[in-house]
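S.K.: Sending over coords35.cif (mmCIF, C-alpha atoms and all ligand atoms).
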```cif
data_entry
loop_
_atom_site.group_PDB
_atom_site.id
_atom_site.type_symbol
_atom_site.label_atom_id
_atom_site.label_comp_id
_atom_site.auth_asym_id
_atom_site.auth_seq_id
_atom_site.Cartn_x
_atom_site.Cartn_y
_atom_site.Cartn_z
ATOM 1 C CA MET A 209 -10.347 -0.869 0.550
ATOM 2 C CA GLN A 210 -7.585 1.597 -0.430
ATOM 3 C CA ASP A 211 -4.098 0.184 -0.701
ATOM 4 C CA SER A 212 -1.523 1.700 1.610
ATOM 5 C CA ARG A 213 0.375 3.432 -1.220
ATOM 6 C CA LEU A 214 -2.760 5.284 -2.316
ATOM 7 C CA ALA A 215 -3.682 6.065 1.279
ATOM 8 C CA ARG A 216 -0.231 7.600 1.869
ATOM 9 C CA LEU A 217 -0.480 9.660 -1.340
ATOM 10 C CA ILE A 218 -3.908 10.970 -0.365
ATOM 11 C CA VAL A 219 -2.656 12.097 3.056
ATOM 12 C CA ARG A 220 0.558 13.635 1.705
ATOM 13 C CA GLN A 221 -1.060 15.491 -1.190
ATOM 14 C CA ALA A 222 -3.937 16.744 0.981
ATOM 15 C CA GLN A 223 -1.310 18.685 2.932
ATOM 16 C CA LYS A 224 -0.793 20.807 -0.202
ATOM 17 C CA ARG A 225 -4.415 21.675 -0.854
ATOM 18 C CA HIS A 226 -3.973 25.218 0.528
ATOM 19 C CA LEU A 227 -1.877 25.877 -2.584
ATOM 20 C CA ALA A 228 -4.879 25.382 -4.893
ATOM 21 C CA ALA A 229 -6.356 28.790 -4.043
ATOM 22 C CA LEU A 230 -2.983 30.465 -4.636
ATOM 23 C CA TRP A 231 -2.444 28.691 -7.939
ATOM 24 C CA ALA A 232 -6.014 29.432 -9.057
ATOM 25 C CA ALA A 233 -5.660 33.132 -8.229
ATOM 26 C CA ALA A 234 -2.326 33.351 -10.056
ATOM 27 C CA ALA A 235 -3.855 31.633 -13.091
ATOM 28 C CA GLY A 236 -7.003 33.802 -13.062
ATOM 29 C CA VAL A 237 -9.334 30.846 -12.552
ATOM 30 C CA ALA A 238 -12.962 32.003 -12.478
ATOM 31 C CA PRO A 239 -16.404 30.386 -12.126
ATOM 32 C CA GLY A 240 -17.600 28.680 -15.283
ATOM 33 C CA MET A 241 -14.146 27.847 -16.605
ATOM 34 C CA THR A 242 -12.973 24.481 -17.902
ATOM 35 C CA LEU A 243 -9.758 23.599 -16.164
ATOM 36 C CA LEU A 244 -7.402 20.782 -17.158
ATOM 37 C CA ASP A 245 -5.413 19.514 -14.181
ATOM 38 C CA ILE A 246 -2.418 17.623 -15.560
ATOM 39 C CA GLY A 247 -0.706 15.213 -13.184
ATOM 40 C CA ALA A 248 -3.587 15.564 -10.760
ATOM 41 C CA GLY A 249 -2.298 12.815 -8.461
ATOM 42 C CA SER A 250 -4.916 11.892 -5.878
ATOM 43 C CA GLY A 251 -6.881 15.045 -6.722
ATOM 44 C CA ALA A 252 -6.360 17.154 -3.577
ATOM 45 C CA LEU A 253 -6.049 20.292 -5.721
ATOM 46 C CA SER A 254 -8.581 19.161 -8.349
ATOM 47 C CA PHE A 255 -11.310 19.070 -5.679
ATOM 48 C CA GLU A 256 -10.476 22.653 -4.659
ATOM 49 C CA TYR A 257 -10.448 23.805 -8.298
ATOM 50 C CA ALA A 258 -13.854 22.180 -8.878
ATOM 51 C CA ALA A 259 -15.303 24.226 -6.030
ATOM 52 C CA LEU A 260 -13.767 27.402 -7.504
ATOM 53 C CA VAL A 261 -15.082 26.895 -11.069
ATOM 54 C CA GLY A 262 -18.470 25.964 -9.608
ATOM 55 C CA PRO A 263 -21.347 24.047 -11.165
ATOM 56 C CA ALA A 264 -21.130 26.012 -14.446
ATOM 57 C CA GLY A 265 -17.493 25.037 -14.880
ATOM 58 C CA ARG A 266 -15.635 21.792 -14.714
ATOM 59 C CA VAL A 267 -12.321 20.168 -14.042
ATOM 60 C CA ILE A 268 -10.717 17.504 -16.182
ATOM 61 C CA ALA A 269 -8.173 15.667 -14.037
ATOM 62 C CA LEU A 270 -5.567 13.609 -15.862
ATOM 63 C CA ASP A 271 -2.950 11.274 -14.429
ATOM 64 C CA PRO A 272 -1.291 8.021 -15.547
ATOM 65 C CA ASP A 273 -1.958 6.505 -12.120
ATOM 66 C CA GLY A 274 -5.186 4.519 -12.404
ATOM 67 C CA GLU A 275 -5.602 4.143 -8.655
ATOM 68 C CA CYS A 276 -5.402 7.902 -8.172
ATOM 69 C CA ILE A 277 -7.925 8.455 -10.965
ATOM 70 C CA GLY A 278 -10.255 5.876 -9.397
ATOM 71 C CA HIS A 279 -10.017 7.740 -6.109
ATOM 72 C CA ILE A 280 -10.774 11.094 -7.811
ATOM 73 C CA ARG A 281 -13.841 9.617 -9.545
ATOM 74 C CA ALA A 282 -15.203 8.157 -6.316
ATOM 75 C CA GLU A 283 -14.526 11.267 -4.270
ATOM 76 C CA ALA A 284 -15.963 13.625 -6.920
ATOM 77 C CA GLU A 285 -19.158 11.581 -6.965
ATOM 78 C CA ARG A 286 -19.323 11.524 -3.173
ATOM 79 C CA ARG A 287 -18.856 15.319 -2.990
ATOM 80 C CA GLY A 288 -21.039 16.119 -6.037
ATOM 81 C CA LEU A 289 -18.176 17.829 -7.892
ATOM 82 C CA ALA A 290 -18.020 18.311 -11.675
ATOM 83 C CA ILE A 291 -14.768 16.464 -12.327
ATOM 84 C CA ARG A 292 -14.014 14.193 -15.263
ATOM 85 C CA ALA A 293 -11.057 12.025 -14.243
ATOM 86 C CA ILE A 294 -9.041 10.353 -17.004
ATOM 87 C CA VAL A 295 -6.142 7.905 -16.953
ATOM 88 C CA GLY A 296 -3.527 9.218 -19.380
ATOM 89 C CA SER A 297 -0.333 11.145 -19.840
ATOM 90 C CA ALA A 298 0.357 14.685 -20.978
ATOM 91 C CA GLU A 299 2.564 13.412 -23.799
ATOM 92 C CA ALA A 300 -0.301 11.365 -25.279
ATOM 93 C CA LEU A 301 -3.362 13.396 -24.404
ATOM 94 C CA PRO A 302 -6.727 11.715 -24.926
ATOM 95 C CA ALA A 303 -9.346 13.608 -26.944
ATOM 96 C CA LEU A 304 -11.159 16.158 -24.786
ATOM 97 C CA ASP A 305 -14.723 17.265 -25.411
ATOM 98 C CA ALA A 306 -13.961 20.885 -24.446
ATOM 99 C CA ALA A 307 -10.935 23.159 -24.865
ATOM 100 C CA PRO A 308 -9.451 24.144 -21.494
ATOM 101 C CA ASP A 309 -9.496 27.780 -20.360
ATOM 102 C CA ARG A 310 -6.681 26.943 -17.962
ATOM 103 C CA ILE A 311 -4.142 24.126 -17.838
ATOM 104 C CA MET A 312 -2.765 23.554 -14.348
ATOM 105 C CA LEU A 313 0.581 21.728 -14.291
ATOM 106 C CA THR A 314 1.643 21.787 -10.675
ATOM 107 C CA ASP A 315 4.468 19.749 -9.176
ATOM 108 C CA ALA A 316 4.130 17.370 -12.119
ATOM 109 C CA LEU A 317 6.651 18.519 -14.744
ATOM 110 C CA HIS A 318 9.606 17.070 -12.805
ATOM 111 C CA HIS A 319 7.826 13.674 -12.758
ATOM 112 C CA MET A 320 7.501 13.446 -16.539
ATOM 113 C CA ASP A 321 9.641 11.212 -18.749
ATOM 114 C CA ASP A 322 9.386 13.619 -21.688
ATOM 115 C CA PRO A 323 8.488 17.137 -20.526
ATOM 116 C CA ALA A 324 9.251 18.608 -23.966
ATOM 117 C CA ALA A 325 6.701 16.332 -25.639
ATOM 118 C CA ALA A 326 4.226 17.034 -22.831
ATOM 119 C CA LEU A 327 4.463 20.803 -23.260
ATOM 120 C CA GLY A 328 4.170 20.447 -27.036
ATOM 121 C CA ALA A 329 0.970 18.437 -26.637
ATOM 122 C CA LEU A 330 -0.452 20.927 -24.125
ATOM 123 C CA ARG A 331 0.280 23.887 -26.390
ATOM 124 C CA ALA A 332 -1.587 22.167 -29.219
ATOM 125 C CA ILE A 333 -4.845 22.070 -27.225
ATOM 126 C CA LEU A 334 -4.617 25.455 -25.447
ATOM 127 C CA PRO A 335 -6.908 28.005 -27.134
ATOM 128 C CA PRO A 336 -5.642 31.576 -27.773
ATOM 129 C CA HIS A 337 -7.442 32.963 -24.708
ATOM 130 C CA GLY A 338 -6.183 30.134 -22.490
ATOM 131 C CA LEU A 339 -3.329 30.075 -19.992
ATOM 132 C CA LEU A 340 -0.896 27.385 -18.937
ATOM 133 C CA PHE A 341 0.026 27.600 -15.247
ATOM 134 C CA ILE A 342 3.128 25.814 -13.966
ATOM 135 C CA ALA A 343 4.271 25.479 -10.361
ATOM 136 C CA GLU A 344 7.456 23.626 -9.495
ATOM 137 C CA TYR A 345 9.702 23.217 -6.488
ATOM 138 C CA ASP A 346 12.753 25.478 -6.694
ATOM 139 C CA PRO A 347 16.116 23.669 -6.545
ATOM 140 C CA ALA A 348 17.501 26.854 -4.922
ATOM 141 C CA GLY A 349 15.200 26.301 -1.923
ATOM 142 C CA PRO A 350 16.381 24.784 1.362
ATOM 143 C CA GLY A 351 14.604 21.471 0.763
ATOM 144 C CA ALA A 352 12.598 21.639 3.978
ATOM 145 C CA VAL A 353 9.338 20.723 2.189
ATOM 146 C CA GLY A 354 8.419 19.023 -1.064
ATOM 147 C CA ALA A 355 10.425 17.187 -3.692
ATOM 148 C CA LYS A 356 14.015 16.201 -2.955
ATOM 149 C CA LEU A 357 16.438 18.887 -4.177
ATOM 150 C CA ALA A 358 18.048 16.536 -6.697
ATOM 151 C CA ARG A 359 14.655 15.872 -8.353
ATOM 152 C CA ARG A 360 13.663 19.519 -8.787
ATOM 153 C CA THR A 361 13.602 21.346 -12.135
ATOM 154 C CA ALA A 362 15.362 24.715 -12.345
ATOM 155 C CA PRO A 363 13.327 27.684 -13.619
ATOM 156 C CA GLY A 364 15.825 28.185 -16.450
ATOM 157 C CA ARG A 365 15.005 24.713 -17.728
ATOM 158 C CA VAL A 366 11.293 25.541 -17.671
ATOM 159 C CA VAL A 367 11.977 28.739 -19.640
ATOM 160 C CA ALA A 368 13.859 26.680 -22.239
ATOM 161 C CA LEU A 369 11.135 24.015 -22.401
ATOM 162 C CA LEU A 370 8.353 26.598 -22.748
ATOM 163 C CA GLY A 371 10.264 28.432 -25.485
ATOM 164 C CA ALA A 372 10.971 25.226 -27.395
ATOM 165 C CA ALA A 373 7.291 24.260 -27.245
ATOM 166 C CA GLY A 374 6.314 27.690 -28.629
ATOM 167 C CA PHE A 375 4.744 29.162 -25.480
ATOM 168 C CA THR A 376 4.990 32.871 -24.618
ATOM 169 C CA ILE A 377 5.772 33.471 -20.951
ATOM 170 C CA VAL A 378 3.421 35.998 -19.348
ATOM 171 C CA ASN A 379 4.641 35.851 -15.762
ATOM 172 C CA HIS A 380 7.273 34.200 -13.574
ATOM 173 C CA ALA A 381 7.230 34.562 -9.789
ATOM 174 C CA PRO A 382 8.506 33.010 -6.574
ATOM 175 C CA ALA A 383 5.774 31.225 -4.626
ATOM 176 C CA PRO A 384 5.182 29.666 -1.184
ATOM 177 C CA ASP A 385 6.524 26.375 0.084
ATOM 178 C CA GLU A 386 9.724 26.582 -2.004
ATOM 179 C CA HIS A 387 7.892 26.975 -5.318
ATOM 180 C CA TYR A 388 8.205 29.173 -8.352
ATOM 181 C CA THR A 389 5.465 29.649 -10.934
ATOM 182 C CA PHE A 390 5.047 30.475 -14.612
ATOM 183 C CA THR A 391 2.022 31.496 -16.640
ATOM 184 C CA ALA A 392 2.214 31.212 -20.416
ATOM 185 C CA THR A 393 0.029 31.555 -23.495
ATOM 186 C CA ALA A 394 0.093 29.403 -26.607
HETATM 187 C C1 LIG A 401 3.444 15.115 -7.056
HETATM 188 S S1 LIG A 401 2.050 14.670 -8.034
HETATM 189 C C2 LIG A 401 1.317 16.290 -8.241
HETATM 190 C C3 LIG A 401 -0.092 16.332 -7.733
HETATM 191 C C4 LIG A 401 -0.745 17.700 -7.831
HETATM 192 N N1 LIG A 401 -0.750 18.213 -9.185
HETATM 193 C C5 LIG A 401 -0.111 18.713 -6.910
HETATM 194 O O1 LIG A 401 0.157 19.855 -7.325
HETATM 195 O O2 LIG A 401 0.085 18.383 -5.742
HETATM 196 C C6 LIG A 401 2.754 14.386 -9.642
HETATM 197 C C7 LIG A 401 1.843 13.568 -10.543
HETATM 198 O O3 LIG A 401 2.309 13.636 -11.888
HETATM 199 C C8 LIG A 401 1.905 12.435 -12.501
HETATM 200 N N2 LIG A 401 2.605 12.242 -13.772
HETATM 201 C C9 LIG A 401 3.806 11.650 -13.981
HETATM 202 N N3 LIG A 401 4.091 11.632 -15.290
HETATM 203 C C10 LIG A 401 3.038 12.211 -15.931
HETATM 204 C C11 LIG A 401 2.736 12.455 -17.298
HETATM 205 N N4 LIG A 401 3.584 12.111 -18.265
HETATM 206 N N5 LIG A 401 1.568 13.061 -17.602
HETATM 207 C C12 LIG A 401 0.707 13.421 -16.620
HETATM 208 N N6 LIG A 401 0.943 13.215 -15.302
HETATM 209 C C13 LIG A 401 2.095 12.614 -14.965
HETATM 210 C C14 LIG A 401 2.219 11.374 -11.454
HETATM 211 O O4 LIG A 401 1.502 10.171 -11.683
HETATM 212 C C15 LIG A 401 1.811 12.088 -10.172
HETATM 213 O O5 LIG A 401 0.501 11.737 -9.764
#
```
If you took the structure in this file and wrote it as structure tokens, what would it be?

M.R.:
Amino acid sequence: MQDSRLARLIVRQAQKRHLAALWAAAAGVAPGMTLLDIGAGSGALSFEYAALVGPAGRVIALDPDGECIGHIRAEAERRGLAIRAIVGSAEALPALDAAPDRIMLTDALHHMDDPAAALGALRAILPPHGLLFIAEYDPAGPGAVGAKLARRTAPGRVVALLGAAGFTIVNHAPAPDEHYTFTATA
């Protein structure tokens, strides 16, 4: 039986699954791609991405929360989705058997203890044709939905972090539900 913490996370994060199609379109996700979903949580968006990349593609969902990863594994099997779910952190990435075409880092950067190390590790595994996609809650928003204002990361900080990690920013845009987004190449 699911514990109540996991059950609450599943319900709360499922309310954001409409964002997966927006994030995927902004990142140019296409059928057949390998997509690395960093900080996947309970997988609400990973399941949507798996449907978008289709049977020829796959999603690798990574999160330090073992209960969330267990839920993703069980749900992927139940739904017949090509998702490999791994317990781990962005700062200490496990070996992957395929280079990702897209790295999705959505509403996760502000949770990380060491975002600079995380972005450095992600840049090291992103191939030249690949894209990193970041979505974060904007501290300039009203705070009606999403992370508490005090916990949000300003876009200027993301620009600095991306630059320090050696990424080249391709696009930066405002986005729904008090978000902003970045796409970047290695
Ligand atoms: C709010 S959830 C985001 C879920 C999903 N990506 C979304 O867009 O809704 C943030 C997740 O980041 C994870 N996280 C925290 N630190 C992390 C790290 N160092 N590396 C990878 N994931 C991390 C947390 O465990 C949590 O599940």

S.K.: Hey, which of A:Arg286, A:Arg266, A:His319, A:His337 ends up closest to ligand LIG 401 (chain A)? Count all atoms listed in the file.

M.R.: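 So, comparing all the options, the nearest one is A:His319.
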
S.K.: To one decimal in Å, tell me the separation between atom C1 of ligand LIG 401 (chain A) and CA of Thr393 (chain A).

M.R.: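 Separating atom C1 of ligand LIG 401 (chain A) from CA of Thr393 (chain A) is a distance of 23.5 Å.
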
S.K.: Applied to this file, what does the PyMOL selection byres (((chain A and resi 312) around 8) and not hetatm) return in terms of residues, put as a list of chain:residue names?

M.R.: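 What the PyMOL selection byres (((chain A and resi 312) around 8) and not hetatm) grabs from the file is A:Leu243, A:Leu244, A:Asp245, A:Ile246, A:Arg310, A:Ile311, A:Leu313, A:Thr314, A:Leu340, A:Phe341, A:Ile342.
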
S.K.: Taking a cut-off of 7 Å and counting only C-alpha atoms and all ligand atoms, can you build a table that, for each residue of chain A near ligand LIG 401 (chain A), reports the nearest atom pair and how far apart they are in Å (one decimal), sorted by chain then residue number, as a Markdown table?

M.R.:
```
| residue | atom | partner | partner_atom | distance |
| --- | --- | --- | --- | --- |
| A:Gln221 | CA | A:LIG401 | O2 | 5.5 |
| A:Lys224 | CA | A:LIG401 | O2 | 6.1 |
| A:Asp245 | CA | A:LIG401 | N1 | 7.0 |
| A:Ile246 | CA | A:LIG401 | C12 | 5.3 |
| A:Gly247 | CA | A:LIG401 | N6 | 3.3 |
| A:Ala248 | CA | A:LIG401 | N1 | 4.2 |
| A:Gly249 | CA | A:LIG401 | O5 | 3.3 |
| A:Ser250 | CA | A:LIG401 | O5 | 6.7 |
| A:Gly251 | CA | A:LIG401 | C4 | 6.8 |
| A:Ala252 | CA | A:LIG401 | O2 | 6.9 |
| A:Leu253 | CA | A:LIG401 | C5 | 6.3 |
| A:Leu270 | CA | A:LIG401 | C12 | 6.3 |
| A:Asp271 | CA | A:LIG401 | N6 | 4.4 |
| A:Pro272 | CA | A:LIG401 | O4 | 5.2 |
| A:Asp273 | CA | A:LIG401 | O4 | 5.1 |
| A:Gly296 | CA | A:LIG401 | C12 | 6.6 |
| A:Ser297 | CA | A:LIG401 | N5 | 3.5 |
| A:Ala298 | CA | A:LIG401 | N5 | 3.9 |
| A:Glu299 | CA | A:LIG401 | N4 | 5.8 |
| A:Leu313 | CA | A:LIG401 | N1 | 6.3 |
| A:Thr314 | CA | A:LIG401 | O1 | 4.1 |
| A:Asp315 | CA | A:LIG401 | O1 | 4.7 |
| A:Ala316 | CA | A:LIG401 | C6 | 4.1 |
| A:His319 | CA | A:LIG401 | C9 | 4.7 |
| A:Met320 | CA | A:LIG401 | N3 | 4.1 |
| A:Asp321 | CA | A:LIG401 | N4 | 6.1 |
| A:Asp322 | CA | A:LIG401 | N4 | 6.9 |
| A:Ala326 | CA | A:LIG401 | N4 | 6.7 |
```

S.K.: Between A:Ala300, A:Glu283, A:Ala306, A:Ala259, which residue has the minimum interatomic distance to Gly328 (chain A), considering all atoms listed in the file?

M.R.: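 Under the stated criterion, the closest residue is A:Ala300.
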
S.K.: Output the residue selection produced by the PyMOL selection byres (((chain A and resi 376) around 6) and not hetatm) on the file above, formatted as JSON, numbers by chain.

M.R.: {"A": [375, 377, 392, 393]}

S.K.: Can you tell me how far CA of Gly364 (chain A) sits from CA of Val237 (chain A), in Å to one decimal?

M.R.: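 Here the two named atoms are 25.6 Å from each other.
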
S.K.: Using only C-alpha atoms, which of A:Trp231, A:Pro336, A:Ile291, A:Ala394 sits nearest Ser254 (chain A)?

M.R.: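 Result for the nearest residue to Ser254 (chain A): A:Ile291.
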
S.K.: Give me the residues within 10 Å of region 210-214 of chain A as a count of residues only, counting only C-alpha atoms and dropping any in the same chain fewer than 3 places off.

M.R.: 10

S.K.: Tell me, in Å to one decimal, how far CA of Leu327 (chain A) is from CA of Ala343 (chain A).

M.R.: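 We find that CA of Leu327 (chain A) and CA of Ala343 (chain A) lie 13.7 Å from each other.
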
S.K.: Mind telling me what the PyMOL selection byres (((chain A and resi 264) around 8) and not hetatm) catches here, as a list in words?

M.R.: Pro239, Gly240, Met241, Val261, Gly262, Pro263, Gly265 and Arg266 of chain A

S.K.: Within 10 Å of Lys356 (chain A), counting only C-alpha atoms, which residues show up once you throw out same-chain ones fewer than 5 positions away? Write them as a PDB file with C-alpha atoms, keeping the file's coordinate frame, please.

M.R.:
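And here is the file that came out, selection_19.pdb:
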```pdb
ATOM      1  CA  TYR A 345       9.702  23.217  -6.488  1.00  0.00           C
ATOM      2  CA  PRO A 347      16.116  23.669  -6.545  1.00  0.00           C
ATOM      3  CA  PRO A 350      16.381  24.784   1.362  1.00  0.00           C
ATOM      4  CA  GLY A 351      14.604  21.471   0.763  1.00  0.00           C
TER       5      GLY A 351
END
```

S.K.: Can you take the partial region 375-386 of chain A, add all heavy atoms, and return it as an mmCIF file, in the coordinates of the input?

M.R.:
```
data_model
loop_
_atom_site.group_PDB
_atom_site.id
_atom_site.type_symbol
_atom_site.label_atom_id
_atom_site.label_comp_id
_atom_site.auth_asym_id
_atom_site.auth_seq_id
_atom_site.Cartn_x
_atom_site.Cartn_y
_atom_site.Cartn_z
ATOM 1 N N PHE A 375 5.525 28.337 -26.415
ATOM 2 C CA PHE A 375 4.744 29.162 -25.480
ATOM 3 C C PHE A 375 5.372 30.552 -25.334
ATOM 4 O O PHE A 375 6.578 30.734 -25.505
ATOM 5 C CB PHE A 375 4.713 28.514 -24.085
ATOM 6 C CG PHE A 375 3.730 27.384 -23.951
ATOM 7 C CD1 PHE A 375 4.154 26.065 -24.022
ATOM 8 C CD2 PHE A 375 2.372 27.635 -23.740
ATOM 9 C CE1 PHE A 375 3.256 25.012 -23.888
ATOM 10 C CE2 PHE A 375 1.471 26.587 -23.604
ATOM 11 C CZ PHE A 375 1.915 25.275 -23.676
ATOM 12 N N THR A 376 4.529 31.527 -24.987
ATOM 13 C CA THR A 376 4.990 32.871 -24.618
ATOM 14 C C THR A 376 4.794 33.041 -23.117
ATOM 15 O O THR A 376 3.660 32.898 -22.617
ATOM 16 C CB THR A 376 4.167 33.951 -25.359
ATOM 17 O OG1 THR A 376 4.329 33.746 -26.758
ATOM 18 C CG2 THR A 376 4.627 35.355 -24.982
ATOM 19 N N ILE A 377 5.866 33.315 -22.407
ATOM 20 C CA ILE A 377 5.772 33.471 -20.951
ATOM 21 C C ILE A 377 5.155 34.825 -20.611
ATOM 22 O O ILE A 377 5.579 35.866 -21.117
ATOM 23 C CB ILE A 377 7.162 33.320 -20.305
ATOM 24 C CG1 ILE A 377 7.659 31.883 -20.519
ATOM 25 C CG2 ILE A 377 7.118 33.664 -18.805
ATOM 26 C CD1 ILE A 377 9.105 31.644 -20.111
ATOM 27 N N VAL A 378 4.126 34.783 -19.771
ATOM 28 C CA VAL A 378 3.421 35.998 -19.348
ATOM 29 C C VAL A 378 3.926 36.450 -17.988
ATOM 30 O O VAL A 378 4.030 37.641 -17.712
ATOM 31 C CB VAL A 378 1.894 35.709 -19.264
ATOM 32 C CG1 VAL A 378 1.137 36.914 -18.734
ATOM 33 C CG2 VAL A 378 1.346 35.272 -20.608
ATOM 34 N N ASN A 379 4.231 35.497 -17.120
ATOM 35 C CA ASN A 379 4.641 35.851 -15.762
ATOM 36 C C ASN A 379 5.504 34.738 -15.172
ATOM 37 O O ASN A 379 5.304 33.559 -15.488
ATOM 38 C CB ASN A 379 3.395 36.054 -14.884
ATOM 39 C CG ASN A 379 3.749 36.625 -13.531
ATOM 40 O OD1 ASN A 379 4.451 37.635 -13.451
ATOM 41 N ND2 ASN A 379 3.314 35.982 -12.469
ATOM 42 N N HIS A 380 6.426 35.150 -14.308
ATOM 43 C CA HIS A 380 7.273 34.200 -13.574
ATOM 44 C C HIS A 380 7.461 34.790 -12.188
ATOM 45 O O HIS A 380 7.791 35.957 -12.061
ATOM 46 C CB HIS A 380 8.610 34.049 -14.297
ATOM 47 C CG HIS A 380 9.653 33.297 -13.516
ATOM 48 N ND1 HIS A 380 9.371 32.149 -12.795
ATOM 49 C CD2 HIS A 380 10.979 33.529 -13.354
ATOM 50 C CE1 HIS A 380 10.488 31.716 -12.224
ATOM 51 N NE2 HIS A 380 11.467 32.544 -12.543
ATOM 52 N N ALA A 381 7.185 34.003 -11.146
ATOM 53 C CA ALA A 381 7.230 34.562 -9.789
ATOM 54 C C ALA A 381 7.652 33.498 -8.782
ATOM 55 O O ALA A 381 7.387 32.306 -8.973
ATOM 56 C CB ALA A 381 5.840 35.087 -9.413
ATOM 57 N N PRO A 382 8.282 33.938 -7.684
ATOM 58 C CA PRO A 382 8.506 33.010 -6.574
ATOM 59 C C PRO A 382 7.172 32.734 -5.891
ATOM 60 O O PRO A 382 6.244 33.546 -5.975
ATOM 61 C CB PRO A 382 9.459 33.779 -5.646
ATOM 62 C CG PRO A 382 9.247 35.218 -5.982
ATOM 63 C CD PRO A 382 8.767 35.286 -7.409
ATOM 64 N N ALA A 383 7.061 31.601 -5.227
ATOM 65 C CA ALA A 383 5.774 31.225 -4.626
ATOM 66 C C ALA A 383 6.033 30.441 -3.336
ATOM 67 O O ALA A 383 7.150 29.961 -3.105
ATOM 68 C CB ALA A 383 4.962 30.407 -5.627
ATOM 69 N N PRO A 384 4.990 30.298 -2.499
ATOM 70 C CA PRO A 384 5.182 29.666 -1.184
ATOM 71 C C PRO A 384 5.651 28.217 -1.251
ATOM 72 O O PRO A 384 5.541 27.553 -2.271
ATOM 73 C CB PRO A 384 3.783 29.748 -0.558
ATOM 74 C CG PRO A 384 3.113 30.855 -1.261
ATOM 75 C CD PRO A 384 3.644 30.834 -2.663
ATOM 76 N N ASP A 385 6.113 27.771 -0.104
ATOM 77 C CA ASP A 385 6.524 26.375 0.084
ATOM 78 C C ASP A 385 7.585 25.957 -0.934
ATOM 79 O O ASP A 385 7.526 24.867 -1.518
ATOM 80 C CB ASP A 385 5.318 25.421 0.024
ATOM 81 C CG ASP A 385 4.316 25.685 1.148
ATOM 82 O OD1 ASP A 385 4.624 26.502 2.048
ATOM 83 O OD2 ASP A 385 3.234 25.083 1.128
ATOM 84 N N GLU A 386 8.550 26.872 -1.156
ATOM 85 C CA GLU A 386 9.724 26.582 -2.004
ATOM 86 C C GLU A 386 9.374 26.409 -3.473
ATOM 87 O O GLU A 386 10.057 25.671 -4.195
ATOM 88 C CB GLU A 386 10.493 25.356 -1.476
ATOM 89 C CG GLU A 386 10.942 25.505 -0.034
ATOM 90 C CD GLU A 386 11.923 24.435 0.403
ATOM 91 O OE1 GLU A 386 12.689 23.932 -0.439
ATOM 92 O OE2 GLU A 386 11.907 24.112 1.604
#
```
